[in-house]
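Undergrad: Can you read through this structure? Questions will come right after.
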Number of protein chains: 4
Amino acid sequence: MRRIRMGMVGGGPGAFIGNVHRMAARLDGQIELVAGCFSRDPAKSQAAGRELFLDPARVYPDYDAMFARETALPEDERIDFVSIVTPNAQHFPVAMAALEAGFHVVCDKPMTLNVAEAEALAAKVRETGLLFCLTHNYTAYPMIAQAKAMIAEGQLGKVRKVLAEYPQGWLAAPIDAAGNKQAAWRTDPAQAGGLGCYGDIGSHAENLAEYVTGLKIADLCADLHTFVPGRRLDDDGSVLVRFDNGARGVITASQIAVGEENALSLRVYGEKGGLEWRQEEPNTLVLKWNDRPRELYRTGWAGCSAAAANRTRIPAGHSEGFLEAFAVLYRNFALAIQARLDGTKFDRAMYDFPDAETGLRGMKFLAAVLASANRGAQWTRLED
Amino acid sequence: MRRIRMGMVGGGPGAFIGNVHRMAARLDGQIELVAGCFSRDPAKSQAAGRELFLDPARVYPDYDAMFARETALPEDERIDFVSIVTPNAQHFPVAMAALEAGFHVVCDKPMTLNVAEAEALAAKVRETGLLFCLTHNYTAYPMIAQAKAMIAEGQLGKVRKVLAEYPQGWLAAPIDAAGNKQAAWRTDPAQAGGLGCYGDIGSHAENLAEYVTGLKIADLCADLHTFVPGRRLDDDGSVLVRFDNGARGVITASQIAVGEENALSLRVYGEKGGLEWRQEEPNTLVLKWNDRPRELYRTGWAGCSAAAANRTRIPAGHSEGFLEAFAVLYRNFALAIQARLDGTKFDRAMYDFPDAETGLRGMKFLAAVLASANRGAQWTRLED
Amino acid sequence: MRRIRMGMVGGGPGAFIGNVHRMAARLDGQIELVAGCFSRDPAKSQAAGRELFLDPARVYPDYDAMFARETALPEDERIDFVSIVTPNAQHFPVAMAALEAGFHVVCDKPMTLNVAEAEALAAKVRETGLLFCLTHNYTAYPMIAQAKAMIAEGQLGKVRKVLAEYPQGWLAAPIDAAGNKQAAWRTDPAQAGGLGCYGDIGSHAENLAEYVTGLKIADLCADLHTFVPGRRLDDDGSVLVRFDNGARGVITASQIAVGEENALSLRVYGEKGGLEWRQEEPNTLVLKWNDRPRELYRTGWAGCSAAAANRTRIPAGHSEGFLEAFAVLYRNFALAIQARLDGTKFDRAMYDFPDAETGLRGMKFLAAVLASANRGAQWTRLED
Amino acid sequence: MRRIRMGMVGGGPGAFIGNVHRMAARLDGQIELVAGCFSRDPAKSQAAGRELFLDPARVYPDYDAMFARETALPEDERIDFVSIVTPNAQHFPVAMAALEAGFHVVCDKPMTLNVAEAEALAAKVRETGLLFCLTHNYTAYPMIAQAKAMIAEGQLGKVRKVLAEYPQGWLAAPIDAAGNKQAAWRTDPAQAGGLGCYGDIGSHAENLAEYVTGLKIADLCADLHTFVPGRRLDDDGSVLVRFDNGARGVITASQIAVGEENALSLRVYGEKGGLEWRQEEPNTLVLKWNDRPRELYRTGWAGCSAAAANRTRIPAGHSEGFLEAFAVLYRNFALAIQARLDGTKFDRAMYDFPDAETGLRGMKFLAAVLASANRGAQWTRLED
């Protein structure tokens with residue numbers, strides 16, 4: 001047993017998600033950040049490294065240099081994996097290079113800009129046999145594991161209806177045009193890809209729905225819109241979906257829903273029961289029945305499945321938040337690496353994390369959404 | 001000033017909605033039930049009359065007899081209006097007959113079985129100049145008046161997104177086939193019309209959305225489904241909608257959402273603010289802002305508009321429920337009749353109730369939903 | 001079967017609670033208001049009678065006249081019972097007179113101004129054998145019946161801790177001195193009795209706690225205070241209580257809790273389970289367990305006891321509010337009178353209403369609170 | 001700038017709170033655990049050290065050895081501070097020894113077993129001038145900073161009423177007698193001190209109330225009880241309190257409130273406004289007003305004070321949980337040490353943490369509670 005060594009690409013000064021990844025990686029004490037390329041500006045990269053107390057020799061001006069130099073380090077020093085927290089457009093090239101250099105990869109979502117890249121990357125992961133984690137962090141909450149387990153066990157019966165939502169309000173005004181950096185890249189097709197709101201957060205709603213139900217969307221009808229004048233990508237939309245088992249549903253997402261924070265939610269109705277989960281109060285899962293009172297499952301409380309308990313660090317009533325869920329992914333990923341180092345068997349189902357196939361699935365969903373929307377919200381087949 | 005006299009058609013033994021109308025009519029003390037035809041079975045009608053302490057001479061075997069006999073009574077005895085609480089298929093003929101006999105009419109929703117009937121009825125109302133109230137009761141809650149007023153005043157800015165839902169779970173199993181009377185007629189095309197879930201409750205969601213926003217749905221794409229084997233009408237569906245001002249939205253309704261009671265809700269997002277209302281906790285209206293904390297408007301509390309206050313009977317924190325909202329319609333309708341009796345001006349905006357034009361609008365919405373669904377969920381224009 | 005005839009004392013122009021009683025009495029259609037003495041000013045009394053569409057001959061200038069005249073009417077015309085909705089100080093003399101005249105009585109709370117009056121009144125009720133209902137309306141909610149039934153059945157185990165609260169904020173400023181009529185009489189010892197906040201609402205919290213648990217408070221320590229300068233009665237206080245079975249608890253009430261509406265709540269913890277109920281959302285009862293998830297019992301939903309169902313008029317999810325609960329008392333009282341008229345057995349447990357013994361108990365509680373507070377919040381025995 | 005080096009005492013295998021402290025210390029990346037004495041059993045201490053990837057040379061068999069050896073290390077290696085996470089009885093001797101050895105100290109609460117120890121420790125802190133942090137973690141939530149700031153600015157007006165609660169249910173059954181380790185030491189007078197429930201969690205409620213309001217409790221009346229047969233310390237109690245400004249309130253705590261997790265809450269009512277905070281949903285602060293709608297302040301959203309923002313790491317709607325709040329204390333403590341190392345001024349008000357004076361205050365509160373309870377719940381003066 002030793003600490004797993006992480007190198008980071010991206011996440012320099014002013015970046016938001018880089019620090020989230022670092023906090024998540026730290027929380028459980030199994031991972032050590034030892035190298036990084038935090039900015040394409042070498043001085044900025046070094047400045048970031050200093051703030052993170054890194055050895056300046058392991059703060060690199062670009063990722064190629066990092067992978068080359070780290071590969072050359074003795075095995076007991078070099079990084080075990082790369083964490084990619086760049087803007088979307090860089091995910092693919094950095095991930096490919098990291099895998100080719102022999103490093104496991106954690107990558108922020110969306111995995112790539114399009115399906116072709118996603119297929120290439122998934123193929124590379126298969127080919128190399130390296131570990132790959134896509135940080136669809138919302139699926140890492142304990143109560144999501146509980147929901148998934150209860151559906152898998154058939155407690156809700158065959159699933160009939162699924163409602164997934166992700167409303168935000170922060171892009172209701174043209175703050176992208178006014179210089180907000182986070183807003184600017186997300187609404188720029190070159191950096192974000194062909195979808196704005198759906199690429200950024202609609203994909204979380206889709207991922208959550210498929211993860212929890214175990215179903216696949218088979219057909220969809222996507223009505224996207226850009227409400228803020230001058231914006232180049234969608235900032236709102238609603239998608240009718242039909243699942244492969246015959247279930248129906250809606251995935252609605254928005255970045256112009258004024259006053260909403262990150263109100264991701266999921267409701268699933270089966271033949272026997274329903275469930276509801278809201279990301280802003282993530283430690284409660286509501287179970288709904290026709291023949292008895294509703295039940296409130298709670299993180300850490302009686303009734304939780306092994307999978308939920310496994311993602312729980314502290315007693316019930318002490319809320320585990322966004323960072324704790326994010327950290328579950330890093331912890332599970334570190335355990336998977338450790339198992340490889342030790343040559344032991346890894347319980348992938350219990351220590352779950354989204355992989356490159358999940359990322360590819362997400363890109364296919366987005367491609368279908370874009371195709372549907374571009375044809376005036378016509379029904380479109382989503383191949384598996 | 002005197003009590004307004006009501007005659008009822010329908011609402012005999014075992015009926016649910018008839019008693020709701022009677023409780024609503026009683027609450028404020030302005031209306032007196034004096035006559036009725038409660039069942040097509042004369043004995044049952046008389047039995048119902050006895051339970052309601054009516055004069056047996058004014059309990060009739062059929063509505064034609066009632067209208068004929070009541071018309072013949074002295075002006076200071078005869079009924080002022082007819083309340084129609086029959087199954088849907090009877091709404092049209094009874095309402096037409098009542099209007100032709102010169103009586104004002106309160107009618108349960110949906111107003112008719114189809115657009116043609118609705119047009120004929122609306123024309124008859126215009127022609128006779130009589131008062132007509134369609135009991136879309138959910139719009140009568142104080143906090144709905146508050147929401148409507150705030151949007152009309154522009155406090156939310158131009159409306160962009162509207163999410164209206166009405167999930168129920170009581171038809172998740174085939175209880176209609178098993179003999180549940182309420183379920184049986186609602187799923188019988190002959191009695192309920194061409195739509196099941198949407199005719200019954202989807203229409204409430206549509207009505208609520210248009211009432212509160214003041215917008216009209218211009219186009220829609222309806223994906224309806226029947227989940228319970230053997231059932232002949234839809235029991236679930238989701239509808240993408242585009243409003244006449246460019247706003248987008250979703251109307252989703254279900255009767256197979258296991259564990260849901262009557263979870264009608266409305267969310268509206270404008271350029272400046274958002275709002276959320278949930279029928280199961282009807283005395284709270286959440287206002288959402290990007291530049292300041294959320295606000296909870298409450299029935300009877302500071303900040304309420306005159307229209308909301310006007311629908312409030314008791315101090316804040318003492319919840320006004322379903323029957324109180326329903327009773328607002330009866331009270332307003334009675335005030336409108338009183339104003340006619342007195343020859344005084346009636347403040348229709350303040351003492352609001354849904355009329356035949358609203359009913360016609362609802363039937364057009366349902367016709368468009370049905371047309372869209374029948375063509376495999378294709379986009380369909382909804383004419384004003 | 002016939003309508004039960006009610007005469008009212010008090011509740012004239014500007015009164016709040018009189019109209020609440022009238023709405024409650026009307027809701028279920030069994031009771032007819034036929035006589036009244038609404039004000040000590042004969043013109044005002046007649047004006048109120050006209051608004052209520054009463055026969056002017058049965059609108060009286062004082063209650064003595066009313067009781068004398070009504071007694072003289074034929075049995076099939078005269079009132080069956082008197083509803084007393086005067087300020088507190090009048091409850092006792094009016095109730096005594098009504099009972100002596102042979103009328104059943106509904107009386108608003110508190111029953112009297114002091115224990116001596118309460119004992120005399122309770123004795124009179126026993127002596128006459130007439131029916132007496134004290135409108136502790138909060139105990140009439142369906143979910144309170146559910147809570148009481150579950151505790152009585154032992155589902156929570158032996159009760160250990162009880163927390164009852166009634167915070168309001170409307171008297172935080174000196175509105176009594178500024179002319180608010182509702183505030184003025186409630187803070188006037190001559191009209192309200194020796195306690196302000198506790199007489200008005202603390203008594204509701206105590207009544208609720210004893211009703212639901214079936215326990216009696218045996219000892220208490222009351223720390224009352226008057227925060228608003230110049231006010232003559234308590235406007236806030238907290239009371240430590242010890243119950244006869246060894247349970248402990250707190251009853252806290254306030255009228256200076258700014259921003260609170262009518263936030264009456266009850267929490268009970270037994271050896272096996274706990275429960276929580278909040279009056280502002282009265283249709284939900286939370287059951288809490290150590291060995292399984294929380295359950296939300298809901299008015300009208302699966303799992304409700306016969307007693308709860310008996311107080312429920314409409315399907316779950318259609319909220320039954322304050323007036324519906326209040327109306328349960330009137331309905332049950334009317335059924336009790338009807339049973340006497342019919343000579344049939346009355347199921348008092350199922351069709352429950354608070355009686356004069358409850359009122360006497362409440363006065364003893366208030367007397368003990370006052371005694372404790374007057375001695376600087378010393379422990380005081382509360383005799384049964 | 002460098003990482004601050006931490007040595008830990010306690011927190012070995014099976015301990016709960018030690019791991020909480022370690023996660024909190026890690027989260028923001030400023031602190032490095034480099035040494036420890038995790039158990040009095042040297043083998044267990046070494047095992048814990050291995051799991052934490054520590055240099056075995058810096059894993060000690062006892063704290064005296066640790067302090068002696070670390071003191072002897074070069075300045076750029078030795079620990080900067082000691083984190084004490086032992087059972088309560090050890091807090092005092094370890095903290096005294098650490099301070100005497102010249103180390104700053106973070107100590108879990110309660111600070112000591114009694115007032116005499118607390119006075120000695122506070123005096124030692126003053127004498128040495130070293131930094132001392134008592135981990136009253138609940139006061140570190142962003143919304144608690146918001147509440148404190150709004151009261152300090154006078155937005156609520158003079159405080160009148162304070163209700164603080166901490167109900168838990170985990171000790172409702174005799175699990176201490178059945179071998180639960182966490183339960184056993186907390187109910188053992190030798191390890192926990194003279195109070196059970198109040199020492200463990202009642203002290204959190206008191207601390208929260210005084211911290212947020214800025215008031216001091218001046219008098220109290222404590223009714224404690226032990227419900228579980230055979231238990232030696234209180235497992236439930238309620239305390240009436242009077243504050244130094246004349247405000248009144250209640251502090252109630254329980255470990256037998258079946259079904260409660262960690263339902264710490266605080267309600268404060270001033271002359272102009274009220275507020276409510278619940279630890280189980282820590283990112284919402286409800287502000288209550290008589291003249292306008294309620295407001296929901298949210299972590300990270302518009303309207304938050306600088307102090308609240310300073311404790312916020314991620315955007316609104318991504319909940320910051322228990323560990324994030326705990327980590328605020330470690331982050332602030334590390335910043336305070338850093339400022340000493342750098343010789344820069346430290347903004348103590350902004351980067352707040354509870355100190356030894358807070359700990360002394362807490363012990364005085366507990367002593368007064370115990371004195372009151374032992375005299376049958378008599379009023380007792382709490383000296384400042």
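Identifiers in the structure tokens: chain A, B, ... in order shown; residue index from 1 per chain; ligand index from 1 in order shown.
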Tell me which protein, DNA and RNA residues are within 7 Å of range 7-19 of chain C, counting only C-alpha atoms, leaving out same-chain ones fewer than 3 positions away, and put them as a short mmCIF file (atom, residue, chain, number, x, y, z; two decimals) with N, CA, C and O atoms, in the first residue's frame.
TA:
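File written: around-v9.cif
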data_model
loop_
_atom_site.label_atom_id
_atom_site.label_comp_id
_atom_site.auth_asym_id
_atom_site.auth_seq_id
_atom_site.Cartn_x
_atom_site.Cartn_y
_atom_site.Cartn_z
N ARG C 22 -68.88 29.76 11.70
CA ARG C 22 -70.00 29.64 10.75
C ARG C 22 -69.59 28.83 9.52
O ARG C 22 -70.34 27.98 9.05
N MET C 23 -68.39 29.11 9.01
CA MET C 23 -67.93 28.33 7.84
C MET C 23 -67.81 26.86 8.21
O MET C 23 -68.20 25.97 7.45
N LEU C 33 -77.73 27.63 10.58
CA LEU C 33 -77.76 28.77 11.50
C LEU C 33 -79.13 29.42 11.37
O LEU C 33 -79.50 29.89 10.28
N VAL C 34 -79.87 29.45 12.48
CA VAL C 34 -81.24 29.99 12.38
C VAL C 34 -81.51 31.15 13.34
O VAL C 34 -82.54 31.81 13.22
N ALA C 35 -80.60 31.37 14.26
CA ALA C 35 -80.82 32.44 15.22
C ALA C 35 -79.48 32.97 15.70
O ALA C 35 -78.45 32.30 15.55
N GLY C 36 -79.49 34.15 16.27
CA GLY C 36 -78.23 34.66 16.77
C GLY C 36 -78.38 35.95 17.54
O GLY C 36 -79.34 36.71 17.37
N CYS C 37 -77.38 36.15 18.39
CA CYS C 37 -77.22 37.43 19.08
C CYS C 37 -75.76 37.79 18.83
O CYS C 37 -74.88 37.28 19.49
N PHE C 38 -75.52 38.61 17.82
CA PHE C 38 -74.16 38.76 17.30
C PHE C 38 -73.39 39.91 17.94
O PHE C 38 -72.19 40.01 17.78
N SER C 39 -74.15 40.78 18.62
CA SER C 39 -73.50 41.97 19.19
C SER C 39 -74.38 42.47 20.31
O SER C 39 -75.60 42.25 20.30
N SER C 45 -76.33 43.75 15.73
CA SER C 45 -76.76 42.35 15.74
C SER C 45 -77.69 42.11 14.55
O SER C 45 -77.55 41.13 13.81
N ALA C 48 -75.77 42.09 11.27
CA ALA C 48 -75.09 40.80 11.07
C ALA C 48 -76.09 39.74 10.62
O ALA C 48 -75.83 38.94 9.73
N TYR C 63 -78.32 37.54 24.83
CA TYR C 63 -78.46 36.08 24.83
C TYR C 63 -79.58 35.59 25.75
O TYR C 63 -80.17 34.56 25.51
N ILE C 79 -83.82 26.32 18.23
CA ILE C 79 -82.42 25.89 18.06
C ILE C 79 -82.14 24.65 18.89
O ILE C 79 -82.72 24.44 19.96
N PHE C 81 -78.72 23.89 19.48
CA PHE C 81 -77.53 24.21 20.28
C PHE C 81 -77.11 25.65 20.07
O PHE C 81 -77.50 26.31 19.10
N VAL C 82 -76.28 26.08 21.01
CA VAL C 82 -75.75 27.45 20.99
C VAL C 82 -74.26 27.39 20.70
O VAL C 82 -73.55 26.57 21.28
N SER C 83 -73.82 28.24 19.80
CA SER C 83 -72.39 28.36 19.54
C SER C 83 -71.91 29.68 20.12
O SER C 83 -72.43 30.74 19.77
N ILE C 84 -70.93 29.59 21.01
CA ILE C 84 -70.47 30.78 21.75
C ILE C 84 -69.11 31.23 21.21
O ILE C 84 -68.12 30.51 21.33
N VAL C 85 -69.10 32.41 20.62
CA VAL C 85 -67.87 32.91 19.98
C VAL C 85 -67.57 34.34 20.44
O VAL C 85 -66.99 35.14 19.71
N THR C 86 -67.93 34.61 21.67
CA THR C 86 -67.66 35.93 22.27
C THR C 86 -66.21 36.01 22.72
O THR C 86 -65.51 35.01 22.73
#
Undergrad: Would you mind listing what lies within 9 Å of Tyr166 in chain A as a ChimeraX atom specification, with only C-alpha atoms counted and same-chain residues fewer than 3 positions away left out?
TA: /A:201-202,204-205,251-255,262-265
Undergrad: Please check the contacts: residues of chain A at most 6 Å away from chain D, using only C-alpha atoms, listed as a list of chain:residue names.
TA: A:Met23, A:Arg26, A:Leu27, A:Glu261, A:Asn262, A:Glu280, A:Ala316, A:Gly317, A:His318, A:Ser319, A:Glu320, A:Gly321, A:Phe322
Undergrad: Mind checking which residues fall within 10 Å of Val159 in chain D, counting only C-alpha atoms, ignoring those fewer than 6 positions away in the same chain, and posting them as a list in words?
TA: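 Selected residues are Ile151, Thr213, Gly214, Leu215, Phe243, Asn245, Gly246, Ala247, Arg248, Val268, Tyr269, Gly270, Glu271, Lys272, Gly273 and Gly274 of chain D.
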Undergrad: Those selected residues, please, written with all heavy atoms and delivered as a compact mmCIF listing (two decimals), in the first residue's frame.
TA:
# COMPACT_ATOMS: atom_id res chain seq x y z
N ILE D 151 -27.25 39.23 12.49
CA ILE D 151 -27.61 39.65 13.85
C ILE D 151 -26.68 40.75 14.32
O ILE D 151 -27.13 41.76 14.88
CB ILE D 151 -27.61 38.44 14.82
CG1 ILE D 151 -28.79 37.53 14.48
CG2 ILE D 151 -27.67 38.91 16.26
CD1 ILE D 151 -28.83 36.23 15.27
N THR D 213 -25.76 34.54 18.31
CA THR D 213 -26.41 35.74 18.84
C THR D 213 -25.43 36.74 19.43
O THR D 213 -25.77 37.91 19.55
CB THR D 213 -27.41 35.37 19.97
OG1 THR D 213 -26.66 34.77 21.04
CG2 THR D 213 -28.48 34.40 19.47
N GLY D 214 -24.25 36.27 19.83
CA GLY D 214 -23.33 37.15 20.54
C GLY D 214 -23.76 37.42 21.97
O GLY D 214 -23.18 38.26 22.65
N LEU D 215 -24.76 36.70 22.43
CA LEU D 215 -25.25 36.86 23.81
C LEU D 215 -24.63 35.81 24.71
O LEU D 215 -24.10 34.80 24.26
CB LEU D 215 -26.77 36.72 23.86
CG LEU D 215 -27.58 37.69 23.00
CD1 LEU D 215 -29.06 37.36 23.09
CD2 LEU D 215 -27.32 39.14 23.43
N PHE D 243 -30.84 35.09 28.88
CA PHE D 243 -29.58 35.67 28.40
C PHE D 243 -29.30 37.01 29.07
O PHE D 243 -30.19 37.63 29.68
CB PHE D 243 -29.65 35.86 26.88
CG PHE D 243 -29.64 34.57 26.12
CD1 PHE D 243 -30.82 33.89 25.86
CD2 PHE D 243 -28.44 34.01 25.69
CE1 PHE D 243 -30.81 32.68 25.17
CE2 PHE D 243 -28.43 32.80 24.99
CZ PHE D 243 -29.62 32.14 24.74
N ASN D 245 -28.94 39.87 27.92
CA ASN D 245 -29.67 41.05 27.42
C ASN D 245 -31.16 40.98 27.71
O ASN D 245 -31.92 41.80 27.25
CB ASN D 245 -29.45 41.20 25.91
CG ASN D 245 -30.38 40.27 25.13
OD1 ASN D 245 -30.76 39.21 25.65
ND2 ASN D 245 -30.73 40.64 23.92
N GLY D 246 -31.56 39.96 28.47
CA GLY D 246 -32.98 39.80 28.76
C GLY D 246 -33.71 38.81 27.87
O GLY D 246 -34.88 38.50 28.10
N ALA D 247 -33.04 38.34 26.82
CA ALA D 247 -33.68 37.34 25.96
C ALA D 247 -33.92 36.06 26.75
O ALA D 247 -33.24 35.78 27.73
CB ALA D 247 -32.82 37.06 24.74
N ARG D 248 -34.91 35.28 26.29
CA ARG D 248 -35.23 34.01 26.91
C ARG D 248 -35.07 32.89 25.90
O ARG D 248 -35.05 33.16 24.69
CB ARG D 248 -36.70 34.00 27.40
CG ARG D 248 -37.07 35.14 28.33
CD ARG D 248 -36.52 34.91 29.72
NE ARG D 248 -36.74 36.07 30.56
CZ ARG D 248 -37.64 36.12 31.56
NH1 ARG D 248 -38.39 35.05 31.81
NH2 ARG D 248 -37.77 37.19 32.30
N VAL D 268 -33.78 32.02 16.17
CA VAL D 268 -33.56 33.25 16.90
C VAL D 268 -34.61 34.26 16.45
O VAL D 268 -34.85 34.41 15.25
CB VAL D 268 -32.16 33.84 16.62
CG1 VAL D 268 -31.94 35.14 17.38
CG2 VAL D 268 -31.07 32.83 16.96
N TYR D 269 -35.25 34.92 17.42
CA TYR D 269 -36.23 35.95 17.10
C TYR D 269 -35.80 37.27 17.73
O TYR D 269 -35.59 37.33 18.95
CB TYR D 269 -37.61 35.56 17.62
CG TYR D 269 -38.10 34.26 17.04
CD1 TYR D 269 -37.98 33.07 17.75
CD2 TYR D 269 -38.65 34.21 15.76
CE1 TYR D 269 -38.42 31.86 17.21
CE2 TYR D 269 -39.08 33.01 15.21
CZ TYR D 269 -38.95 31.84 15.95
OH TYR D 269 -39.37 30.65 15.41
N GLY D 270 -35.67 38.29 16.91
CA GLY D 270 -35.37 39.62 17.41
C GLY D 270 -36.59 40.51 17.31
O GLY D 270 -37.68 40.05 16.96
N GLU D 271 -36.40 41.78 17.58
CA GLU D 271 -37.54 42.70 17.52
C GLU D 271 -38.03 42.90 16.09
O GLU D 271 -39.19 43.22 15.86
CB GLU D 271 -37.16 44.05 18.13
CG GLU D 271 -36.89 43.94 19.63
CD GLU D 271 -36.58 45.29 20.27
OE1 GLU D 271 -36.42 46.28 19.52
OE2 GLU D 271 -36.50 45.33 21.51
N LYS D 272 -37.14 42.70 15.13
CA LYS D 272 -37.52 42.99 13.74
C LYS D 272 -37.59 41.77 12.83
O LYS D 272 -38.25 41.79 11.80
CB LYS D 272 -36.51 43.98 13.13
CG LYS D 272 -36.52 45.33 13.83
CD LYS D 272 -35.70 46.36 13.06
CE LYS D 272 -34.20 46.07 13.13
NZ LYS D 272 -33.39 47.08 12.43
N GLY D 273 -36.88 40.72 13.18
CA GLY D 273 -36.86 39.56 12.29
C GLY D 273 -36.48 38.30 13.04
O GLY D 273 -36.01 38.35 14.18
N GLY D 274 -36.69 37.19 12.40
CA GLY D 274 -36.33 35.90 12.97
C GLY D 274 -35.49 35.10 11.99
O GLY D 274 -35.46 35.40 10.79
Undergrad: Give me, please, the distance in Å between CA of Leu224 in chain C and CA of Val241 in chain D, quoted to one decimal.
TA: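 About the pair CA of Leu224 in chain C and CA of Val241 in chain D: they are 11.6 Å apart.
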Undergrad: Check the smallest atom-to-atom distance from each of C:Gln155, C:Thr128, C:Thr139, C:Gln338 to Arg278 in chain C using only C-alpha atoms, then report the winner.
TA: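 Among the listed residues, C:Thr139 lies closest to Arg278 in chain C.
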Undergrad: What separation in Å, quoted to one decimal, exists between CA of Gly237 in chain D and CA of Asp108 in chain D?
TA: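 It comes out at 22.8 Å.
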Undergrad: Could you write out, as an MDAnalysis selection string, all the residues of range 205-278 of chain C that DSSP marks as alpha helix (DSSP H)?
TA: chainID C and resid 205:213
